[in-house]
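File shown: work_4.csv. Contents: CSV, C-alpha atoms and all ligand atoms.
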```
chain,number,residue,atom,x,y,z
R,24,MET,CA,119.3,104.2,165.5
R,25,LYS,CA,118.8,102.4,162.2
R,26,HIS,CA,117.4,104.6,159.5
R,27,ARG,CA,115.6,103.2,156.5
R,28,ALA,CA,116.3,105.4,153.5
R,29,ARG,CA,113.3,107.2,152.3
R,30,LYS,CA,112.9,107.1,148.5
R,31,GLN,CA,110.5,110.0,148.3
R,32,TRP,CA,113.2,112.3,149.8
R,33,GLY,CA,115.9,111.1,147.5
R,34,GLN,CA,117.9,109.6,150.3
R,35,ASN,CA,121.2,108.2,149.0
R,36,PHE,CA,123.8,108.6,151.7
R,37,LEU,CA,127.5,109.1,151.1
R,38,LYS,CA,129.6,106.6,153.1
R,39,ASP,CA,133.0,106.5,151.4
R,40,SER,CA,135.4,108.5,153.5
R,41,ASN,CA,138.0,108.9,150.7
R,42,LEU,CA,135.3,110.3,148.4
R,43,LEU,CA,134.0,112.6,151.2
R,44,ASN,CA,137.6,114.0,151.6
R,45,LYS,CA,137.8,114.6,147.9
R,46,LEU,CA,134.6,116.5,147.9
R,47,VAL,CA,135.7,118.6,150.8
R,48,ALA,CA,139.0,119.3,149.0
R,49,LEU,CA,137.0,120.5,146.0
R,50,ILE,CA,134.8,122.7,148.1
R,51,ASP,CA,138.0,124.0,149.7
R,52,PRO,CA,136.4,125.4,152.9
R,53,LYS,CA,138.1,128.4,154.6
R,54,PRO,CA,137.9,129.1,158.3
R,55,GLU,CA,135.8,132.2,157.8
R,56,ASP,CA,133.3,130.4,155.5
R,57,LEU,CA,129.6,130.2,156.4
R,58,ILE,CA,128.1,127.1,154.9
R,59,LEU,CA,124.5,126.4,154.1
R,60,GLU,CA,124.0,122.6,153.6
R,61,ILE,CA,120.9,121.3,151.9
R,62,GLY,CA,119.9,117.8,153.0
R,63,PRO,CA,122.6,116.9,155.5
R,64,GLY,CA,121.1,113.4,156.0
R,65,LYS,CA,123.2,111.5,158.5
R,66,GLY,CA,125.8,114.3,158.5
R,67,ALA,CA,128.6,112.6,156.5
R,68,LEU,CA,129.6,115.9,154.8
R,69,THR,CA,128.4,118.0,157.6
R,70,LYS,CA,130.9,116.5,160.1
R,71,LYS,CA,133.9,117.0,157.8
R,72,LEU,CA,132.9,120.5,156.7
R,73,SER,CA,132.0,121.8,160.2
R,74,GLN,CA,135.6,121.1,161.4
R,75,LYS,CA,137.0,123.5,158.8
R,76,VAL,CA,134.6,126.5,158.9
R,77,SER,CA,133.2,128.9,161.4
R,78,LYS,CA,129.5,128.2,161.0
R,79,LEU,CA,127.3,125.7,159.2
R,80,THR,CA,123.6,125.7,158.9
R,81,ALA,CA,121.8,122.7,157.5
R,82,VAL,CA,118.2,122.2,156.4
R,83,GLU,CA,116.9,118.7,156.6
R,84,ILE,CA,113.3,117.7,155.8
R,85,ASP,CA,113.3,114.3,157.6
R,86,GLU,CA,112.4,114.8,161.2
R,87,ARG,CA,114.2,111.7,162.4
R,88,LEU,CA,117.5,112.5,160.7
R,89,TYR,CA,117.1,116.1,161.9
R,90,SER,CA,116.7,114.9,165.6
R,91,THR,CA,119.8,112.7,165.4
R,92,LEU,CA,121.9,115.5,164.0
R,93,ALA,CA,120.6,118.1,166.4
R,94,SER,CA,121.5,115.9,169.4
R,95,GLN,CA,125.1,115.5,168.3
R,96,LYS,CA,127.2,117.4,170.8
R,97,GLU,CA,130.4,117.6,168.8
R,98,LEU,CA,128.7,119.6,166.0
R,99,THR,CA,128.7,122.8,168.2
R,100,ASN,CA,129.1,125.3,165.3
R,101,CYS,CA,126.2,123.7,163.4
R,102,THR,CA,122.6,124.8,163.4
R,103,PHE,CA,120.0,122.4,162.1
R,104,ILE,CA,116.6,123.4,160.7
R,105,ASN,CA,113.9,120.8,160.3
R,106,ASP,CA,112.2,122.0,157.1
R,107,ASP,CA,111.8,121.7,153.4
R,108,PHE,CA,114.5,123.8,151.8
R,109,LEU,CA,112.1,124.9,149.1
R,110,GLN,CA,109.8,126.4,151.7
R,111,THR,CA,112.3,127.9,154.1
R,112,SER,CA,112.8,131.6,154.1
R,113,TRP,CA,116.5,132.6,153.8
R,114,SER,CA,116.1,134.9,156.8
R,115,GLU,CA,115.9,131.8,159.0
R,116,TYR,CA,119.5,130.8,158.2
R,117,GLY,CA,120.7,133.6,160.4
R,118,PHE,CA,123.7,134.5,158.3
R,119,GLY,CA,123.5,138.2,157.9
R,120,SER,CA,124.7,139.7,154.7
R,121,GLN,CA,128.0,137.8,154.2
R,122,GLY,CA,128.4,135.5,151.2
R,123,ILE,CA,127.2,132.1,152.1
R,124,ARG,CA,128.7,129.0,150.5
R,125,VAL,CA,126.0,126.4,149.6
R,126,VAL,CA,126.7,122.7,149.7
R,127,GLY,CA,124.6,119.6,149.2
R,128,ASN,CA,124.3,116.0,148.1
R,129,ILE,CA,120.8,116.9,147.2
R,130,PRO,CA,117.7,114.8,146.4
R,131,TYR,CA,117.8,114.3,142.6
R,132,ASN,CA,114.0,114.5,142.1
R,133,ILE,CA,114.0,118.2,143.1
R,134,THR,CA,117.3,119.3,141.6
R,135,SER,CA,115.8,121.9,139.3
R,136,PRO,CA,113.5,123.5,141.9
R,137,ILE,CA,116.5,123.7,144.3
R,138,ILE,CA,118.7,125.4,141.7
R,139,PHE,CA,115.9,127.9,140.8
R,140,GLU,CA,115.4,128.6,144.5
R,141,LEU,CA,119.1,129.2,144.8
R,142,LEU,CA,119.1,131.5,141.7
R,143,LYS,CA,116.2,133.5,143.1
R,144,ASN,CA,118.4,134.3,146.1
R,145,ARG,CA,121.7,134.5,144.2
R,146,SER,CA,122.8,137.8,145.8
R,147,LYS,CA,123.0,135.9,149.1
R,148,TRP,CA,125.6,133.2,148.2
R,149,LYS,CA,129.0,133.0,146.6
R,150,ASP,CA,129.0,129.5,145.2
R,151,ALA,CA,127.1,126.2,145.4
R,152,HIS,CA,128.7,122.8,145.3
R,153,LEU,CA,126.0,120.2,144.5
R,154,MET,CA,125.8,116.5,143.7
R,155,VAL,CA,123.5,116.0,140.8
R,156,GLN,CA,122.5,113.3,138.4
R,157,LYS,CA,124.9,113.1,135.5
R,158,GLU,CA,122.3,113.9,132.8
R,159,VAL,CA,121.3,117.1,134.7
R,160,ALA,CA,124.9,118.2,135.1
R,161,ASP,CA,125.3,117.7,131.4
R,162,ARG,CA,122.3,119.9,130.7
R,163,LEU,CA,123.4,122.6,133.2
R,164,ALA,CA,126.9,122.9,131.8
R,165,ALA,CA,126.0,122.3,128.1
R,166,LYS,CA,127.3,124.5,125.3
R,167,SER,CA,125.0,125.6,122.5
R,168,GLY,CA,124.6,123.2,119.6
R,169,GLY,CA,124.2,119.9,121.4
R,170,LYS,CA,121.1,117.9,122.5
R,171,GLU,CA,121.8,118.6,126.2
R,172,TYR,CA,121.5,122.4,125.6
R,173,GLY,CA,117.9,123.5,126.4
R,174,ARG,CA,115.7,125.6,128.5
R,175,LEU,CA,117.4,124.6,131.8
R,176,THR,CA,120.8,125.4,130.4
R,177,VAL,CA,119.9,128.9,129.2
R,178,MET,CA,117.9,129.9,132.2
R,179,VAL,CA,120.7,128.8,134.6
R,180,GLN,CA,123.6,130.1,132.6
R,181,SER,CA,122.0,133.5,132.2
R,182,GLN,CA,122.6,133.9,135.9
R,183,ALA,CA,125.4,131.6,136.8
R,184,ASP,CA,128.4,129.7,135.6
R,185,VAL,CA,128.3,126.0,136.0
R,186,GLU,CA,131.4,123.7,136.2
R,187,LYS,CA,131.5,120.0,136.3
R,188,LEU,CA,134.1,118.9,138.9
R,189,ILE,CA,134.1,115.1,139.1
R,190,SER,CA,132.1,112.1,138.1
R,191,ILE,CA,130.8,109.9,140.9
R,192,PRO,CA,129.7,106.3,140.4
R,193,PRO,CA,126.6,104.9,142.1
R,194,ASP,CA,128.5,102.5,144.4
R,195,VAL,CA,129.7,105.3,146.8
R,196,PHE,CA,126.1,105.8,147.9
R,197,VAL,CA,123.9,103.8,150.3
R,198,PRO,CA,121.5,102.8,148.9
R,199,LYS,CA,123.0,102.9,145.4
R,200,PRO,CA,121.1,105.2,143.0
R,201,LYS,CA,120.3,103.9,139.5
R,202,VAL,CA,122.1,106.8,137.9
R,203,ASP,CA,125.6,108.2,137.7
R,204,SER,CA,126.3,111.5,139.4
R,205,ILE,CA,128.5,114.5,138.9
R,206,PHE,CA,129.7,117.0,141.6
R,207,ILE,CA,129.2,120.5,140.2
R,208,CYS,CA,130.0,124.1,141.2
R,209,ILE,CA,127.6,126.9,140.4
R,210,LYS,CA,128.8,130.5,140.7
R,211,PRO,CA,126.4,133.4,140.2
R,212,HIS,CA,127.6,136.0,137.6
R,213,SER,CA,126.0,139.3,136.6
R,214,ARG,CA,126.8,139.5,133.0
R,215,TYR,CA,123.2,140.2,132.1
R,216,GLU,CA,121.4,142.7,134.3
R,217,MET,CA,117.7,142.0,133.9
R,218,ASP,CA,115.0,143.7,135.9
R,219,LYS,CA,111.8,141.8,136.7
R,220,ASN,CA,110.1,142.6,133.4
R,221,MET,CA,113.1,141.7,131.3
R,222,TYR,CA,113.5,138.5,133.1
R,223,ALA,CA,109.8,137.6,132.7
R,224,ARG,CA,110.1,138.2,128.9
R,225,PHE,CA,113.4,136.3,128.7
R,226,ASP,CA,111.7,133.4,130.5
R,227,ALA,CA,108.8,133.5,128.1
R,228,VAL,CA,111.0,133.7,125.0
R,229,VAL,CA,113.2,130.8,126.1
R,230,ARG,CA,110.2,128.7,127.1
R,231,ALA,CA,108.5,129.3,123.7
R,232,ALA,CA,111.7,128.6,121.7
R,233,PHE,CA,112.4,125.3,123.4
R,234,GLY,CA,108.8,124.4,123.7
R,235,GLN,CA,109.0,123.5,120.0
R,236,ARG,CA,112.6,122.5,119.8
R,237,ARG,CA,112.6,121.2,116.2
R,238,LYS,CA,110.9,124.2,114.8
R,239,MET,CA,112.6,127.3,113.4
R,240,LEU,CA,112.4,130.3,115.7
R,241,ARG,CA,110.1,132.1,113.3
R,242,ASN,CA,107.5,129.5,114.1
R,243,SER,CA,108.0,128.9,117.7
R,244,LEU,CA,108.2,132.6,118.4
R,245,ALA,CA,105.1,133.4,116.3
R,246,ASP,CA,103.4,135.1,119.3
R,247,PHE,CA,106.2,137.7,119.6
R,248,ASP,CA,106.9,140.8,117.4
R,249,LEU,CA,110.2,140.0,115.8
R,250,THR,CA,110.4,143.1,113.5
R,251,LYS,CA,112.9,144.9,115.7
R,252,VAL,CA,115.4,142.1,116.0
R,253,LYS,CA,117.8,142.5,113.1
R,254,SER,CA,120.8,140.4,114.2
R,255,ILE,CA,119.2,137.0,114.6
R,256,ASP,CA,118.3,134.7,111.7
R,257,PHE,CA,114.9,133.2,112.6
R,258,ASP,CA,115.4,130.2,110.4
R,259,ARG,CA,117.7,128.9,113.2
R,260,ARG,CA,116.6,126.4,115.8
R,261,PRO,CA,116.7,127.2,119.5
R,262,GLU,CA,119.7,125.0,120.4
R,263,THR,CA,122.0,127.0,118.1
R,264,LEU,CA,121.5,130.3,120.0
R,265,SER,CA,124.1,131.1,122.6
R,266,VAL,CA,122.9,132.5,126.0
R,267,ASP,CA,124.2,135.9,124.8
R,268,GLU,CA,122.0,135.7,121.8
R,269,PHE,CA,118.9,134.7,123.8
R,270,VAL,CA,119.4,137.7,126.1
R,271,LEU,CA,119.9,140.0,123.1
R,272,LEU,CA,116.8,138.5,121.4
R,273,SER,CA,114.6,138.8,124.4
R,274,ASN,CA,115.7,142.4,125.0
R,275,LYS,CA,114.7,143.4,121.5
R,276,ILE,CA,111.7,141.3,120.9
R,277,GLY,CA,108.2,142.7,121.2
R,278,TRP,CA,105.6,141.1,123.4
R,279,ILE,CA,102.3,140.9,121.5
R,280,ASN,CA,100.2,139.5,124.4
R,281,PRO,CA,101.9,140.6,127.6
R,282,VAL,CA,101.2,138.2,130.4
R,283,GLU,CA,100.7,139.1,134.0
R,284,ILE,CA,104.1,139.3,135.6
R,285,PRO,CA,104.3,137.4,138.9
R,286,SER,CA,105.7,139.4,141.7
P,301,LIG,N1,124.1,114.8,152.5
P,301,LIG,C1,123.8,113.5,152.9
P,301,LIG,C2,122.4,113.0,152.5
P,301,LIG,C3,122.1,113.0,151.0
P,301,LIG,S1,120.6,112.3,150.6
P,301,LIG,C4,124.9,112.6,152.4
P,301,LIG,O1,125.6,113.0,151.6
P,301,LIG,O2,125.0,111.4,152.9
P,301,LIG,C5,119.5,113.8,150.5
P,301,LIG,C6,119.1,114.4,151.8
P,301,LIG,O3,118.2,115.5,151.5
P,301,LIG,C7,118.3,113.4,152.7
P,301,LIG,O4,118.8,113.5,154.0
P,301,LIG,C8,116.8,113.9,152.6
P,301,LIG,O5,116.1,113.6,153.7
P,301,LIG,C9,117.1,115.4,152.4
P,301,LIG,N2,116.0,116.1,151.7
P,301,LIG,C10,115.1,115.7,150.8
P,301,LIG,N3,114.3,116.6,150.4
P,301,LIG,C11,114.6,117.7,151.1
P,301,LIG,C12,114.1,119.1,151.1
P,301,LIG,N4,113.1,119.5,150.3
P,301,LIG,N5,114.6,120.0,152.0
P,301,LIG,C13,115.7,119.6,152.8
P,301,LIG,N6,116.2,118.3,152.8
P,301,LIG,C14,115.7,117.4,152.0
```

Mind turning the file's structure into C-alpha cells?
Ligand code: SAH
Amino acid sequence: MKHRARKQWGQNFLKDSNLLNKLVALIDPKPEDLILEIGPGKGALTKKLSQKVSKLTAVEIDERLYSTLASQKELTNCTFINDDFLQTSWSEYGFGSQGIRVVGNIPYNITSPIIFELLKNRSKWKDAHLMVQKEVADRLAAKSGGKEYGRLTVMVQSQADVEKLISIPPDVFVPKPKVDSIFICIKPHSRYEMDKNMYARFDAVVRAAFGQRRKMLRNSLADFDLTKVKSIDFDRRPETLSVDEFVLLSNKIGWINPVEIPS
C-alpha cells in the first residue's frame, strides 16, 4: 500500500540501507536486549533490529502504518502498539523490570516531550538512541558558556548524559526534512539524587534563571531567598553555571513563594 507521509506526525522515513546498518551498529544490539521503538513507521529500523534482539515493542500513532506492521509475519518477536507514545503507560510494553533499550527516529516536533517522558521513566531503561534535529542535539549536549546551553540542557543533563554520535544529512529521509539531524545516545545517570520537592525547586530555579537569560542571576532569581547560597556569584548569567552549580544552588536556595508541587 502506498503511504502518503503525514506532516503532523513528523513522518520522514529512513530508506538508505547503508545508513540503517550504521545506526544499528551504533546501537549495538545484543541478543538479550529488549527494545522499545518509538514511531517505527514502515519498519525500516524495526526489521534490522528485530533480527538481532530477543524482543521488540514499538509504539506507532498512525493506524495505517500500525496495521501494515502488525500484519507482517516475519516480525514474530515484535509487538506493535497503536497509540501515542506520550499517552501510553509503560506497563503496556510488557517488559517486566529488565532494562529496556529505547530507539527511535522520532517526530521532531515532539522531541522535548518525548525526552521528558523518557526521563520521567528513567529507572526503566538503560539507554536511548534517538534521531533528533541538529539544533536540538546541540542544545541537549551543550557545555556551559555557549548559546546552545539553556533550560533544556540543564534539565536533561541533571538526569542523563547525552552523546552526539553521527550527523545525518536530510537526503537519507523520504520525504527530506528541511533540517540536518544528529543521532544521539542518552544514558540516565544518578549523580544528583533529588526527591520530588527538590526536583520541583530545581525546575523552578532553572526556569526562572533562563527565563531572563541576559539578566544577572540576582535579578532573574529575585523571587527566591539567596541568603544561604555562599558559593555562587549572583552577578553571573545563567549560561555560565554548570549543571553541578545549578543543583547546588537549587538545594541551598530558599523558596519565598512555594508553589503547589504537582504529583
Ligand atoms: N522509524 C521510522 C519512521 C520515522 S518517522 C523510520 O525511521 O523510517 C516518525 C514516526 O513516528 C512516524 O511513523 C510517525 O507516524 C510516528 N509518530 C509520530 N508521533 C508519534 C507519537 N506521538 N507516538 C508514536 N509514534 C508517533

Considering all atoms listed in the file, give me a table of residues in chain R that are at most 8 Å from ligand LIG 301 (chain P), with the closest atom pair and distance in Å for each, as a Markdown table.
```
| residue | atom | partner | partner_atom | distance |
| --- | --- | --- | --- | --- |
| R:Arg29 | CA | P:LIG301 | O5 | 7.1 |
| R:Gln31 | CA | P:LIG301 | C10 | 7.7 |
| R:Trp32 | CA | P:LIG301 | C10 | 4.0 |
| R:Gly33 | CA | P:LIG301 | C5 | 5.4 |
| R:Gln34 | CA | P:LIG301 | S1 | 3.8 |
| R:Asn35 | CA | P:LIG301 | S1 | 4.4 |
| R:Phe36 | CA | P:LIG301 | O2 | 3.3 |
| R:Leu37 | CA | P:LIG301 | O2 | 3.8 |
| R:Lys38 | CA | P:LIG301 | O2 | 6.7 |
| R:Glu60 | CA | P:LIG301 | N1 | 7.9 |
| R:Ile61 | CA | P:LIG301 | C13 | 5.5 |
| R:Gly62 | CA | P:LIG301 | O3 | 3.2 |
| R:Pro63 | CA | P:LIG301 | N1 | 4.0 |
| R:Gly64 | CA | P:LIG301 | O4 | 3.0 |
| R:Lys65 | CA | P:LIG301 | O2 | 5.9 |
| R:Gly66 | CA | P:LIG301 | C1 | 6.0 |
| R:Ala67 | CA | P:LIG301 | O2 | 5.2 |
| R:Leu68 | CA | P:LIG301 | O1 | 5.9 |
| R:Thr69 | CA | P:LIG301 | N1 | 7.4 |
| R:Val82 | CA | P:LIG301 | C13 | 5.1 |
| R:Glu83 | CA | P:LIG301 | N6 | 3.9 |
| R:Ile84 | CA | P:LIG301 | N6 | 4.2 |
| R:Asp85 | CA | P:LIG301 | O5 | 4.9 |
| R:Leu88 | CA | P:LIG301 | O4 | 6.9 |
| R:Asn105 | CA | P:LIG301 | C13 | 7.8 |
| R:Asp106 | CA | P:LIG301 | N5 | 6.0 |
| R:Asp107 | CA | P:LIG301 | N5 | 3.6 |
| R:Phe108 | CA | P:LIG301 | N5 | 3.8 |
| R:Leu109 | CA | P:LIG301 | N4 | 5.6 |
| R:Gln110 | CA | P:LIG301 | N4 | 7.8 |
| R:Gly127 | CA | P:LIG301 | N1 | 5.8 |
| R:Asn128 | CA | P:LIG301 | N1 | 4.6 |
| R:Ile129 | CA | P:LIG301 | C5 | 4.7 |
| R:Pro130 | CA | P:LIG301 | C5 | 4.6 |
| R:Ile133 | CA | P:LIG301 | N4 | 7.4 |
| R:Phe196 | CA | P:LIG301 | O2 | 7.6 |
```

Shortest interatomic distance to Ile137 of chain R - which of R:Thr111, R:Asn41, R:Ser190, R:Ser243, counting only C-alpha atoms
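Going through R:Thr111, R:Asn41, R:Ser190, R:Ser243 one by one, the smallest distance to Ile137 of chain R is for R:Thr111.
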
Have a look at atom CA of Met239 of chain R and atom CA of Asp258 of chain R and let me know their distance in Å, one decimal.
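Separation of atom CA of Met239 of chain R and atom CA of Asp258 of chain R: 5.0 Å.
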
Lys166 of chain R environment, 12 Å, only C-alpha atoms, sequence neighbours closer than 6 positions dropped, as a PDB file with C-alpha atoms, in the frame of the given file:
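Wrote it out as part_35.pdb, contents follow:
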```pdb
ATOM      1  CA  ALA R 160     124.900 118.200 135.100  1.00  0.00           C
ATOM      2  CA  TYR R 172     121.500 122.400 125.600  1.00  0.00           C
ATOM      3  CA  GLY R 173     117.900 123.500 126.400  1.00  0.00           C
ATOM      4  CA  LEU R 175     117.400 124.600 131.800  1.00  0.00           C
ATOM      5  CA  THR R 176     120.800 125.400 130.400  1.00  0.00           C
ATOM      6  CA  VAL R 177     119.900 128.900 129.200  1.00  0.00           C
ATOM      7  CA  GLN R 180     123.600 130.100 132.600  1.00  0.00           C
ATOM      8  CA  ASP R 184     128.400 129.700 135.600  1.00  0.00           C
ATOM      9  CA  VAL R 185     128.300 126.000 136.000  1.00  0.00           C
ATOM     10  CA  GLU R 186     131.400 123.700 136.200  1.00  0.00           C
ATOM     11  CA  GLU R 262     119.700 125.000 120.400  1.00  0.00           C
ATOM     12  CA  THR R 263     122.000 127.000 118.100  1.00  0.00           C
ATOM     13  CA  LEU R 264     121.500 130.300 120.000  1.00  0.00           C
ATOM     14  CA  SER R 265     124.100 131.100 122.600  1.00  0.00           C
ATOM     15  CA  VAL R 266     122.900 132.500 126.000  1.00  0.00           C
ATOM     16  CA  ASP R 267     124.200 135.900 124.800  1.00  0.00           C
TER      17      ASP R 267
END
```

Using only C-alpha atoms, which of the listed residues (R:Glu86, R:Asp39, R:Asp150, R:Glu140) sits closest to Gly122 of chain R?
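Closest to Gly122 of chain R of all the choices is R:Asp150.
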
Would you mind reading off the distance between atom CA of Ala165 of chain R and atom CA of Val179 of chain R, one decimal, in Å?
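Interatomic distance, atom CA of Ala165 of chain R to atom CA of Val179 of chain R: 10.6 Å.
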
Per-residue nearest contacts of segment 97-186 of chain R to segment 204-222 of chain R (7 Å; only C-alpha atoms) as JSON lines:
```
{"residue": "R:Arg145", "atom": "CA", "partner": "R:Pro211", "partner_atom": "CA", "distance": 6.3}
{"residue": "R:Lys149", "atom": "CA", "partner": "R:Lys210", "partner_atom": "CA", "distance": 6.4}
{"residue": "R:Asp150", "atom": "CA", "partner": "R:Lys210", "partner_atom": "CA", "distance": 4.6}
{"residue": "R:Ala151", "atom": "CA", "partner": "R:Ile209", "partner_atom": "CA", "distance": 5.1}
{"residue": "R:His152", "atom": "CA", "partner": "R:Cys208", "partner_atom": "CA", "distance": 4.5}
{"residue": "R:Leu153", "atom": "CA", "partner": "R:Ile207", "partner_atom": "CA", "distance": 5.4}
{"residue": "R:Met154", "atom": "CA", "partner": "R:Phe206", "partner_atom": "CA", "distance": 4.5}
{"residue": "R:Val155", "atom": "CA", "partner": "R:Ser204", "partner_atom": "CA", "distance": 5.5}
{"residue": "R:Gln156", "atom": "CA", "partner": "R:Ser204", "partner_atom": "CA", "distance": 4.3}
{"residue": "R:Lys157", "atom": "CA", "partner": "R:Ser204", "partner_atom": "CA", "distance": 4.4}
{"residue": "R:Ala160", "atom": "CA", "partner": "R:Ile205", "partner_atom": "CA", "distance": 6.4}
{"residue": "R:Ser181", "atom": "CA", "partner": "R:Tyr215", "partner_atom": "CA", "distance": 6.8}
{"residue": "R:Gln182", "atom": "CA", "partner": "R:His212", "partner_atom": "CA", "distance": 5.7}
{"residue": "R:Ala183", "atom": "CA", "partner": "R:Pro211", "partner_atom": "CA", "distance": 4.0}
{"residue": "R:Asp184", "atom": "CA", "partner": "R:Lys210", "partner_atom": "CA", "distance": 5.2}
{"residue": "R:Val185", "atom": "CA", "partner": "R:Ile209", "partner_atom": "CA", "distance": 4.5}
{"residue": "R:Glu186", "atom": "CA", "partner": "R:Cys208", "partner_atom": "CA", "distance": 5.2}
```

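When all atoms listed in the file are used to compute distances to Pro198 of chain R, the closest of the residues R:Ala28, R:Val126, R:Ala227, R:Leu59 turns out to be R:Ala28.
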
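For the choices R:Arg237, R:Lys78, R:Lys275, R:Arg230, the atom-to-atom distance to Thr250 of chain R is smallest for R:Lys275 when using all atoms listed in the file.
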
Atom CA of Ser254 of chain R and atom CA of Ile276 of chain R are how many Å apart?
11.3 Å

List the spatial neighbours of Ala93 of chain R as a ChimeraX atom specification - criterion: any atom at most 9 Å away, all atoms listed in the file, same-chain residues fewer than 6 positions off excluded.
/R:101-104

Nearest residue to Arg236 of chain R from the set R:His26, R:Lys170, R:Arg87, R:Lys45 (distances using all atoms listed in the file):
R:Lys170

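The residue that comes closest to Arg224 of chain R, out of R:Ala48, R:Trp278, R:Glu55, R:Ile138 and on the basis of all atoms listed in the file, is R:Trp278.
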
Skip Lys147 of chain R itself and residues of its chain fewer than 4 positions away, then list as a PyMOL selection string all residues within 12 Å of it, counting all atoms listed in the file.
chain R and resi 57-59+113-114+116-125+140-143+151+210-211

Work out where the centre of an axis-aligned box around every listed atom of segment 118-136 of chain R lies and how long its edges are once 6 Å is added on each side; give both in Å to one decimal as lines of an AutoDock Vina configuration file.
```
center_x = 121.1
center_y = 127.0
center_z = 148.8
size_x = 27.2
size_y = 37.4
size_z = 31.0
```

Quick one: residues within 9 Å of Phe257 of chain R, only C-alpha atoms, excluding same-chain residues fewer than 3 positions away - as a list in words?
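After dropping sequence-adjacent residues, the list is Met239, Leu240, Arg241, Asn242, Leu244, Leu249 and Arg260 of chain R.
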
9 Å contact set for Phe225 of chain R, all atoms listed in the file, chain neighbours under 6 positions out, as a ChimeraX atom specification:
/R:178,217,269-270,272-274
